[in-house]
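Enquirer: Structure file input.cif (mmCIF, C-alpha atoms) is given on the next line.
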```
data_data
#
loop_
_atom_site.label_atom_id
_atom_site.label_comp_id
_atom_site.auth_asym_id
_atom_site.auth_seq_id
_atom_site.Cartn_x
_atom_site.Cartn_y
_atom_site.Cartn_z
CA MET A 207 101.65 96.16 105.30
CA ALA A 208 98.82 98.16 106.80
CA LEU A 209 95.49 96.42 107.28
CA ASN A 210 93.45 99.59 107.58
CA LEU A 211 93.48 103.17 108.84
CA HIS A 212 93.41 102.87 112.62
CA HIS A 213 92.88 106.52 113.49
CA LEU A 214 93.48 110.10 112.46
CA GLY A 215 95.28 112.19 115.09
CA ILE A 216 94.32 115.85 115.45
CA ALA A 217 96.05 118.48 117.63
CA VAL A 218 93.63 120.79 119.45
CA ASP A 219 93.88 123.73 121.82
CA ASP A 220 90.83 122.83 123.89
CA LEU A 221 89.85 119.18 124.17
CA ASP A 222 86.43 119.74 125.76
CA ALA A 223 85.45 122.23 123.09
CA ALA A 224 86.73 119.98 120.30
CA ILE A 225 84.77 116.95 121.58
CA LEU A 226 81.59 119.05 121.45
CA VAL A 227 82.35 120.38 117.96
CA TYR A 228 83.08 116.91 116.56
CA ALA A 229 79.84 115.62 118.10
CA GLU A 230 77.79 118.44 116.60
CA LEU A 231 79.40 118.53 113.13
CA PHE A 232 80.17 114.87 112.54
CA GLY A 233 78.08 112.95 115.07
CA ALA A 234 81.28 111.74 116.75
CA THR A 235 80.93 109.77 119.98
CA LEU A 236 83.53 109.60 122.77
CA GLU A 237 85.17 106.16 123.08
CA HIS A 238 88.01 106.81 125.57
CA ARG A 239 89.62 109.77 127.28
CA GLU A 240 93.01 109.64 128.98
CA ARG A 241 95.58 112.01 130.44
CA VAL A 242 99.11 110.69 129.86
CA GLU A 243 101.62 112.77 131.80
CA ASP A 244 104.75 111.18 130.38
CA GLN A 245 103.62 111.89 126.83
CA GLY A 246 102.46 115.39 127.73
CA VAL A 247 98.97 114.98 126.35
CA GLU A 248 95.32 114.66 127.23
CA ALA A 249 93.69 112.58 124.53
CA ALA A 250 90.19 111.62 123.49
CA SER A 251 89.35 108.81 121.10
CA LEU A 252 86.16 109.48 119.12
CA ARG A 253 84.24 107.26 116.72
CA VAL A 254 82.56 108.43 113.52
CA GLY A 255 80.97 105.32 112.07
CA GLU A 256 83.77 102.78 111.75
CA ALA A 257 86.44 105.50 111.79
CA ARG A 258 88.37 106.67 114.82
CA ILE A 259 89.64 110.19 115.51
CA GLU A 260 92.16 110.90 118.26
CA LEU A 261 92.02 114.46 119.59
CA LEU A 262 95.24 115.55 121.32
CA GLN A 263 95.55 118.49 123.71
CA PRO A 264 99.07 119.18 124.99
CA LEU A 265 99.61 119.43 128.76
CA GLY A 266 102.10 122.25 128.15
CA PRO A 267 104.09 124.06 125.45
CA ASP A 268 107.24 121.93 125.89
CA THR A 269 105.64 118.69 124.70
CA PRO A 270 105.57 117.17 121.19
CA VAL A 271 101.98 118.28 120.57
CA GLY A 272 102.60 121.64 122.27
CA ARG A 273 105.49 122.33 119.90
CA PHE A 274 103.35 121.22 116.95
CA LEU A 275 100.60 123.68 117.95
CA ALA A 276 103.11 126.53 118.40
CA LYS A 277 104.58 125.88 114.95
CA ARG A 278 101.53 124.96 112.85
CA GLY A 279 98.43 125.71 114.91
CA PRO A 280 95.62 123.24 115.54
CA GLY A 281 94.95 120.70 112.81
CA MET A 282 95.72 117.22 111.56
CA HIS A 283 98.77 115.79 113.33
CA HIS A 284 99.24 112.19 112.20
CA MET A 285 97.60 109.20 110.55
CA ALA A 286 97.80 105.74 112.07
CA PHE A 287 97.55 102.37 110.35
CA GLU A 288 96.79 99.04 111.96
CA VAL A 289 99.19 96.17 111.26
CA GLU A 290 99.00 92.49 112.17
CA ASP A 291 102.50 92.19 113.67
CA LEU A 292 104.09 95.51 114.61
CA ALA A 293 107.62 94.17 115.29
CA ALA A 294 107.69 92.32 111.96
CA GLU A 295 106.40 95.43 110.20
CA LEU A 296 109.22 97.53 111.69
CA ASP A 297 111.75 94.92 110.55
CA ARG A 298 110.30 95.11 107.04
CA LEU A 299 110.55 98.93 107.00
CA LYS A 300 114.12 98.85 108.33
CA ALA A 301 115.06 96.41 105.58
CA HIS A 302 113.78 99.04 103.11
CA ASP A 303 115.81 101.79 104.88
CA VAL A 304 112.64 103.67 105.83
CA LEU A 305 113.42 106.45 108.33
CA LEU A 306 111.73 105.54 111.62
CA ILE A 307 111.18 107.55 114.79
CA ASP A 308 110.67 104.36 116.83
CA GLN A 309 112.98 101.42 116.14
CA GLN A 310 110.94 99.19 118.44
CA PRO A 311 107.25 99.09 119.41
CA ARG A 312 106.41 101.23 122.44
CA ARG A 313 103.33 101.83 124.53
CA GLY A 314 101.19 104.57 123.03
CA LEU A 315 97.92 106.12 124.07
CA PHE A 316 95.04 103.93 125.24
CA GLY A 317 97.39 101.00 125.85
CA LEU A 318 98.20 100.50 122.18
CA GLN A 319 101.54 99.17 120.92
CA VAL A 320 102.74 101.77 118.42
CA ALA A 321 105.70 103.02 116.39
CA PHE A 322 106.07 106.22 114.41
CA VAL A 323 107.57 106.64 110.94
CA HIS A 324 109.39 109.89 110.25
CA PRO A 325 107.51 112.40 108.05
CA GLU A 326 110.52 112.52 105.72
CA ALA A 327 109.82 108.90 104.77
CA THR A 328 106.25 109.62 103.69
CA GLY A 329 106.58 113.01 102.00
CA GLY A 330 105.46 115.15 104.91
CA VAL A 331 102.95 113.10 106.90
CA LEU A 332 103.69 111.82 110.39
CA ALA A 333 102.57 108.18 110.22
CA GLU A 334 102.01 105.76 113.06
CA PHE A 335 101.69 101.99 113.00
CA VAL A 336 99.50 100.34 115.61
CA GLY A 337 99.67 96.66 116.52
CA ASN A 338 96.27 95.03 116.34
CA ASP A 339 96.42 93.49 119.81
CA ARG A 340 95.95 95.77 122.79
CA GLN A 341 97.89 95.42 126.03
CA ARG A 342 95.74 97.04 128.71
CA MET B 338 75.59 113.46 110.64
CA ALA B 339 78.57 111.69 109.15
CA LEU B 340 78.26 107.98 108.43
CA ASN B 341 81.96 107.30 108.23
CA LEU B 342 85.30 108.73 107.20
CA HIS B 343 85.22 108.79 103.40
CA HIS B 344 88.84 109.70 102.74
CA LEU B 345 91.87 111.54 104.01
CA GLY B 346 93.24 114.17 101.60
CA ILE B 347 97.00 114.67 101.42
CA ALA B 348 98.86 117.37 99.48
CA VAL B 349 101.97 116.11 97.70
CA ASP B 350 104.71 117.59 95.51
CA ASP B 351 105.10 114.55 93.28
CA LEU B 352 102.10 112.30 92.73
CA ASP B 353 103.98 109.45 91.04
CA ALA B 354 106.55 109.30 93.83
CA ALA B 355 103.86 109.48 96.51
CA ILE B 356 101.86 106.61 94.99
CA LEU B 357 105.00 104.43 95.10
CA VAL B 358 105.80 105.44 98.70
CA TYR B 359 102.26 104.72 99.90
CA ALA B 360 102.34 101.34 98.17
CA GLU B 361 105.66 100.41 99.76
CA LEU B 362 105.01 101.71 103.27
CA PHE B 363 101.31 101.02 103.68
CA GLY B 364 100.42 98.53 100.96
CA ALA B 365 98.16 101.14 99.33
CA THR B 366 96.59 100.27 95.97
CA LEU B 367 95.57 102.77 93.30
CA GLU B 368 91.79 103.04 92.84
CA HIS B 369 91.43 106.06 90.53
CA ARG B 370 93.61 108.75 89.06
CA GLU B 371 92.30 111.94 87.50
CA ARG B 372 93.58 115.31 86.29
CA VAL B 373 91.00 118.03 86.94
CA GLU B 374 92.07 121.25 85.22
CA ASP B 375 89.35 123.49 86.68
CA GLN B 376 90.30 122.47 90.21
CA GLY B 377 94.00 122.75 89.47
CA VAL B 378 94.87 119.31 90.67
CA GLU B 379 95.99 115.86 89.64
CA ALA B 380 94.57 113.40 92.15
CA ALA B 381 94.96 109.74 92.97
CA SER B 382 92.59 107.77 95.17
CA LEU B 383 94.32 104.95 97.05
CA ARG B 384 92.91 102.20 99.23
CA VAL B 385 94.49 100.89 102.42
CA GLY B 386 92.15 98.16 103.61
CA GLU B 387 88.73 99.80 103.89
CA ALA B 388 90.24 103.28 104.12
CA ARG B 389 90.73 105.69 101.24
CA ILE B 390 93.54 108.22 100.81
CA GLU B 391 93.35 110.99 98.22
CA LEU B 392 96.75 112.26 97.11
CA LEU B 393 96.61 115.76 95.58
CA GLN B 394 99.31 117.29 93.40
CA PRO B 395 98.69 120.88 92.29
CA LEU B 396 98.86 121.70 88.59
CA GLY B 397 100.50 125.03 89.45
CA PRO B 398 101.33 127.39 92.33
CA ASP B 399 98.18 129.53 91.91
CA THR B 400 95.73 126.76 92.84
CA PRO B 401 94.23 125.92 96.24
CA VAL B 402 96.57 122.97 96.77
CA GLY B 403 99.51 124.91 95.29
CA ARG B 404 98.97 127.69 97.84
CA PHE B 405 98.63 125.12 100.62
CA LEU B 406 101.99 123.56 99.64
CA ALA B 407 103.70 126.96 99.48
CA LYS B 408 102.41 127.88 102.94
CA ARG B 409 102.62 124.58 104.84
CA GLY B 410 104.57 122.12 102.71
CA PRO B 411 103.35 118.63 101.82
CA GLY B 412 101.14 116.91 104.36
CA MET B 413 97.58 116.24 105.44
CA HIS B 414 95.19 118.63 103.70
CA HIS B 415 91.62 117.64 104.63
CA MET B 416 89.41 114.91 106.04
CA ALA B 417 86.19 113.91 104.32
CA PHE B 418 83.10 112.30 105.81
CA GLU B 419 80.38 110.45 103.98
CA VAL B 420 76.78 111.56 104.61
CA GLU B 421 73.48 110.06 103.49
CA ASP B 422 71.94 113.27 102.11
CA LEU B 423 74.45 116.05 101.43
CA ALA B 424 71.92 118.87 100.82
CA ALA B 425 70.05 118.03 104.02
CA GLU B 426 73.34 117.90 105.92
CA LEU B 427 74.28 121.38 104.67
CA ASP B 428 70.87 122.69 105.77
CA ARG B 429 71.46 121.20 109.21
CA LEU B 430 74.89 122.83 109.48
CA LYS B 431 73.55 126.20 108.30
CA ALA B 432 70.81 126.00 110.96
CA HIS B 433 73.63 125.63 113.51
CA ASP B 434 75.48 128.65 112.00
CA VAL B 435 78.44 126.47 111.03
CA LEU B 436 80.82 128.38 108.74
CA LEU B 437 80.76 126.69 105.32
CA ILE B 438 82.96 127.12 102.26
CA ASP B 439 80.27 125.59 100.01
CA GLN B 440 76.66 126.57 100.63
CA GLN B 441 75.46 124.00 98.10
CA PRO B 442 76.79 120.62 96.97
CA ARG B 443 79.20 120.82 94.05
CA ARG B 444 80.99 118.31 91.89
CA GLY B 445 84.28 117.25 93.46
CA LEU B 446 86.99 114.88 92.39
CA PHE B 447 86.10 111.47 90.97
CA GLY B 448 82.51 112.59 90.27
CA LEU B 449 81.60 112.92 93.94
CA GLN B 450 79.07 115.43 95.25
CA VAL B 451 80.93 117.37 97.93
CA ALA B 452 80.88 120.45 100.15
CA PHE B 453 83.63 121.87 102.35
CA VAL B 454 83.30 123.20 105.89
CA HIS B 455 85.61 126.08 106.86
CA PRO B 456 88.55 125.13 109.12
CA GLU B 457 87.43 127.83 111.58
CA ALA B 458 84.31 125.76 112.27
CA THR B 459 86.27 122.65 113.25
CA GLY B 460 89.20 124.13 115.15
CA GLY B 461 91.72 124.08 112.34
CA VAL B 462 90.85 121.12 110.13
CA LEU B 463 89.54 121.52 106.59
CA ALA B 464 86.57 119.13 106.51
CA GLU B 465 84.65 117.86 103.50
CA PHE B 466 81.29 116.15 103.32
CA VAL B 467 80.70 113.67 100.53
CA GLY B 468 77.26 112.50 99.42
CA ASN B 469 77.05 108.73 99.34
CA ASP B 470 75.69 108.51 95.81
CA ARG B 471 78.10 109.10 92.96
CA GLN B 472 77.20 110.93 89.76
CA ARG B 473 79.60 109.66 87.17
#
```
Give the structure from the file, written as structure tokens.
Expert:
Amino acid sequence: MALNLHHLGIAVDDLDAAILVYAELFGATLEHRERVEDQGVEAASLRVGEARIELLQPLGPDTPVGRFLAKRGPGMHHMAFEVEDLAAELDRLKAHDVLLIDQQPRRGLFGLQVAFVHPEATGGVLAEFVGNDRQR
Amino acid sequence: MALNLHHLGIAVDDLDAAILVYAELFGATLEHRERVEDQGVEAASLRVGEARIELLQPLGPDTPVGRFLAKRGPGMHHMAFEVEDLAAELDRLKAHDVLLIDQQPRRGLFGLQVAFVHPEATGGVLAEFVGNDRQR
């Protein structure tokens, strides 16, 4: 079961511009920024109070976020929940026949252990689970 | 400036089904449920840890959420931030020429004072500000 909302993921065309806009409109502060070639994304983690927003700019059109932008335009991309034990959580979801994108935890952005649930399982929202211990 | 993320708004086809799915997948618990005829929506506020998720089912196709569903399908609809003084926050945004949907606070779901910022101002995300005092 989720402990809390870990972050909200947002697909953007221009990461630098988006960081400025989120600072001006929401008082967001930059926590991390990372270019991850093998996931085809440059990402920035922002904080707004206790909440975390992950801005995602694709490195090219033939990437998951690039295809999302081409199909839907910039906007909210996924929501991520923190769980105590990610592997146990995936076992629980499999036992309930929940459609998963990731059968096992994998390394996500910012060194997090993550797994994605298919949007079909949630009624249209791409959902991510994040383990609450980081492996940096 | 925003104090925190207040809630994440999600458009759904079937509110009862969505409440069950969010309980099973994320351990979400129902906080409030309300049918608001003049906004064309039946809404449920769920908690996941400290976070709040607002599920929105349109009362018909010719409503804001009904049109959203027809155009984009079910999924994330808006993000809402809590602010200390909503009227002062709107004045600040107007002084920065931020494109607003609501020029003045209005009554939103669950008795909250709210105002929406246009998605063009944020780079594609419908954003809501919520005053941190409720008028029930």
Enquirer: Near Ala286 in chain A, within 7 Å and counting all atoms listed in the file, which residues show up once chain neighbours fewer than 4 positions away are dropped, as a PyMOL selection string?
Expert: chain A and resi 211-214+333-336
Enquirer: For chain A, report every residue with an atom at most 10 Å from chain B (counting only C-alpha atoms), formatted as an NGL selection string.
Expert: :A and (207-212 or 214 or 216-220 or 223-224 or 227-234 or 253-259 or 278-285 or 287-289 or 295 or 298-299 or 302 or 304 or 323 or 325 or 327-333 or 335)
Enquirer: Hey, can you check how far CA of Phe405 in chain B sits from CA of Val271 in chain A?
Expert: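 Straight-line distance from CA of Phe405 in chain B to CA of Val271 in chain A works out to 21.4 Å.
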Enquirer: Hey, can you check how far CA of Gly215 in chain A sits from CA of Ser251 in chain A?
Expert: 9.1 Å
Enquirer: Take the point (91.9, 118.9, 89.7) as written in the file and pick out every residue within 10 Å of it, counting all atoms listed in the file; give the list as an MDAnalysis selection string.
Expert: chainID B and resid 371:380 393:396 400:402 445:447
Enquirer: Counting all atoms listed in the file, what is within 8 Å of Pro442 in chain B, bar same-chain residues fewer than 2 positions away, as an MDAnalysis selection string?
Expert: chainID B and resid 423:424 439:440 444 450:452
Enquirer: On this structure, which residues satisfy the PyMOL selection byres ((chain B and resi 369) around 6), written as a PyMOL selection string?
Expert: chain B and resi 367-368+370+381-382
Enquirer: Go ahead and dump the residues you just picked, C-alpha atoms, as an mmCIF file, in the frame of the given file.
Expert:
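As a result, out.cif now contains:
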```cif
data_model
loop_
_atom_site.group_PDB
_atom_site.id
_atom_site.type_symbol
_atom_site.label_atom_id
_atom_site.label_comp_id
_atom_site.auth_asym_id
_atom_site.auth_seq_id
_atom_site.Cartn_x
_atom_site.Cartn_y
_atom_site.Cartn_z
ATOM 1 C CA LEU B 367 95.570 102.770 93.300
ATOM 2 C CA GLU B 368 91.790 103.040 92.840
ATOM 3 C CA ARG B 370 93.610 108.750 89.060
ATOM 4 C CA ALA B 381 94.960 109.740 92.970
ATOM 5 C CA SER B 382 92.590 107.770 95.170
#
```
Enquirer: Can you measure CA of Leu252 in chain A to CA of Asn338 in chain A for me? One decimal in Å is fine.
Expert: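 Calculated distance between CA of Leu252 in chain A and CA of Asn338 in chain A is 17.9 Å.
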Enquirer: Taking every listed atom of range 325-340 of chain A and adding 6 Å to each side, what centre and edge lengths in Å (one decimal) does the axis-aligned box have, as AutoDock Vina command-line options?
Expert:
```
--center_x 103.2 --center_y 104.3 --center_z 112.4 --size_x 26.6 --size_y 33.7 --size_z 32.8
```
Enquirer: Place N, CA, C and O atoms on range 247-267 of chain A and deliver the coordinates as a PDB file, in the frame of the given file.
Expert:
```
ATOM      1  N   VAL A 247     100.169 114.812 127.152  1.00  0.00           N
ATOM      2  CA  VAL A 247      98.970 114.980 126.350  1.00  0.00           C
ATOM      3  C   VAL A 247      97.722 114.514 127.107  1.00  0.00           C
ATOM      4  O   VAL A 247      97.782 113.601 127.936  1.00  0.00           O
ATOM      5  N   GLU A 248      96.633 115.205 126.870  1.00  0.00           N
ATOM      6  CA  GLU A 248      95.320 114.660 127.230  1.00  0.00           C
ATOM      7  C   GLU A 248      94.640 114.318 125.920  1.00  0.00           C
ATOM      8  O   GLU A 248      94.575 115.145 125.001  1.00  0.00           O
ATOM      9  N   ALA A 249      94.162 113.088 125.818  1.00  0.00           N
ATOM     10  CA  ALA A 249      93.690 112.580 124.530  1.00  0.00           C
ATOM     11  C   ALA A 249      92.283 112.025 124.649  1.00  0.00           C
ATOM     12  O   ALA A 249      91.904 111.473 125.682  1.00  0.00           O
ATOM     13  N   ALA A 250      91.525 112.194 123.577  1.00  0.00           N
ATOM     14  CA  ALA A 250      90.190 111.620 123.490  1.00  0.00           C
ATOM     15  C   ALA A 250      90.089 110.838 122.192  1.00  0.00           C
ATOM     16  O   ALA A 250      90.479 111.334 121.135  1.00  0.00           O
ATOM     17  N   SER A 251      89.586 109.620 122.296  1.00  0.00           N
ATOM     18  CA  SER A 251      89.350 108.810 121.100  1.00  0.00           C
ATOM     19  C   SER A 251      87.868 108.875 120.775  1.00  0.00           C
ATOM     20  O   SER A 251      87.021 108.545 121.604  1.00  0.00           O
ATOM     21  N   LEU A 252      87.553 109.330 119.564  1.00  0.00           N
ATOM     22  CA  LEU A 252      86.160 109.480 119.120  1.00  0.00           C
ATOM     23  C   LEU A 252      85.896 108.492 117.996  1.00  0.00           C
ATOM     24  O   LEU A 252      86.801 108.125 117.246  1.00  0.00           O
ATOM     25  N   ARG A 253      84.641 108.087 117.847  1.00  0.00           N
ATOM     26  CA  ARG A 253      84.240 107.260 116.720  1.00  0.00           C
ATOM     27  C   ARG A 253      83.284 108.035 115.822  1.00  0.00           C
ATOM     28  O   ARG A 253      82.378 108.715 116.315  1.00  0.00           O
ATOM     29  N   VAL A 254      83.509 107.936 114.516  1.00  0.00           N
ATOM     30  CA  VAL A 254      82.560 108.430 113.520  1.00  0.00           C
ATOM     31  C   VAL A 254      82.309 107.240 112.602  1.00  0.00           C
ATOM     32  O   VAL A 254      83.149 106.901 111.767  1.00  0.00           O
ATOM     33  N   GLY A 255      81.181 106.579 112.773  1.00  0.00           N
ATOM     34  CA  GLY A 255      80.970 105.320 112.070  1.00  0.00           C
ATOM     35  C   GLY A 255      82.058 104.339 112.468  1.00  0.00           C
ATOM     36  O   GLY A 255      82.339 104.164 113.656  1.00  0.00           O
ATOM     37  N   GLU A 256      82.690 103.730 111.481  1.00  0.00           N
ATOM     38  CA  GLU A 256      83.770 102.780 111.750  1.00  0.00           C
ATOM     39  C   GLU A 256      85.093 103.488 112.027  1.00  0.00           C
ATOM     40  O   GLU A 256      86.048 102.872 112.508  1.00  0.00           O
ATOM     41  N   ALA A 257      85.178 104.771 111.683  1.00  0.00           N
ATOM     42  CA  ALA A 257      86.440 105.500 111.790  1.00  0.00           C
ATOM     43  C   ALA A 257      86.685 105.992 113.205  1.00  0.00           C
ATOM     44  O   ALA A 257      85.759 106.166 113.997  1.00  0.00           O
ATOM     45  N   ARG A 258      87.960 106.222 113.497  1.00  0.00           N
ATOM     46  CA  ARG A 258      88.370 106.670 114.820  1.00  0.00           C
ATOM     47  C   ARG A 258      89.201 107.953 114.672  1.00  0.00           C
ATOM     48  O   ARG A 258      90.100 108.018 113.821  1.00  0.00           O
ATOM     49  N   ILE A 259      88.893 108.937 115.498  1.00  0.00           N
ATOM     50  CA  ILE A 259      89.640 110.190 115.510  1.00  0.00           C
ATOM     51  C   ILE A 259      90.205 110.390 116.917  1.00  0.00           C
ATOM     52  O   ILE A 259      89.490 110.226 117.901  1.00  0.00           O
ATOM     53  N   GLU A 260      91.492 110.695 116.978  1.00  0.00           N
ATOM     54  CA  GLU A 260      92.160 110.900 118.260  1.00  0.00           C
ATOM     55  C   GLU A 260      92.448 112.392 118.391  1.00  0.00           C
ATOM     56  O   GLU A 260      93.254 112.938 117.628  1.00  0.00           O
ATOM     57  N   LEU A 261      91.779 113.041 119.331  1.00  0.00           N
ATOM     58  CA  LEU A 261      92.020 114.460 119.590  1.00  0.00           C
ATOM     59  C   LEU A 261      93.093 114.571 120.670  1.00  0.00           C
ATOM     60  O   LEU A 261      93.017 113.901 121.702  1.00  0.00           O
ATOM     61  N   LEU A 262      94.078 115.439 120.434  1.00  0.00           N
ATOM     62  CA  LEU A 262      95.240 115.550 121.320  1.00  0.00           C
ATOM     63  C   LEU A 262      95.400 116.975 121.799  1.00  0.00           C
ATOM     64  O   LEU A 262      95.647 117.887 121.000  1.00  0.00           O
ATOM     65  N   GLN A 263      95.288 117.177 123.124  1.00  0.00           N
ATOM     66  CA  GLN A 263      95.550 118.490 123.710  1.00  0.00           C
ATOM     67  C   GLN A 263      96.834 118.405 124.519  1.00  0.00           C
ATOM     68  O   GLN A 263      96.941 117.567 125.413  1.00  0.00           O
ATOM     69  N   PRO A 264      97.812 119.274 124.237  1.00  0.00           N
ATOM     70  CA  PRO A 264      99.070 119.180 124.990  1.00  0.00           C
ATOM     71  C   PRO A 264      98.866 119.631 126.441  1.00  0.00           C
ATOM     72  O   PRO A 264      98.053 120.506 126.729  1.00  0.00           O
ATOM     73  N   LEU A 265      99.653 119.027 127.347  1.00  0.00           N
ATOM     74  CA  LEU A 265      99.610 119.430 128.760  1.00  0.00           C
ATOM     75  C   LEU A 265     100.464 120.674 128.999  1.00  0.00           C
ATOM     76  O   LEU A 265     100.379 121.279 130.052  1.00  0.00           O
ATOM     77  N   GLY A 266     101.287 121.052 128.020  1.00  0.00           N
ATOM     78  CA  GLY A 266     102.100 122.250 128.150  1.00  0.00           C
ATOM     79  C   GLY A 266     102.795 122.527 126.834  1.00  0.00           C
ATOM     80  O   GLY A 266     102.760 121.701 125.917  1.00  0.00           O
ATOM     81  N   PRO A 267     103.457 123.709 126.723  1.00  0.00           N
ATOM     82  CA  PRO A 267     104.090 124.060 125.450  1.00  0.00           C
ATOM     83  C   PRO A 267     105.309 123.203 125.123  1.00  0.00           C
ATOM     84  O   PRO A 267     105.613 122.991 123.946  1.00  0.00           O
TER      85      PRO A 267
END
```
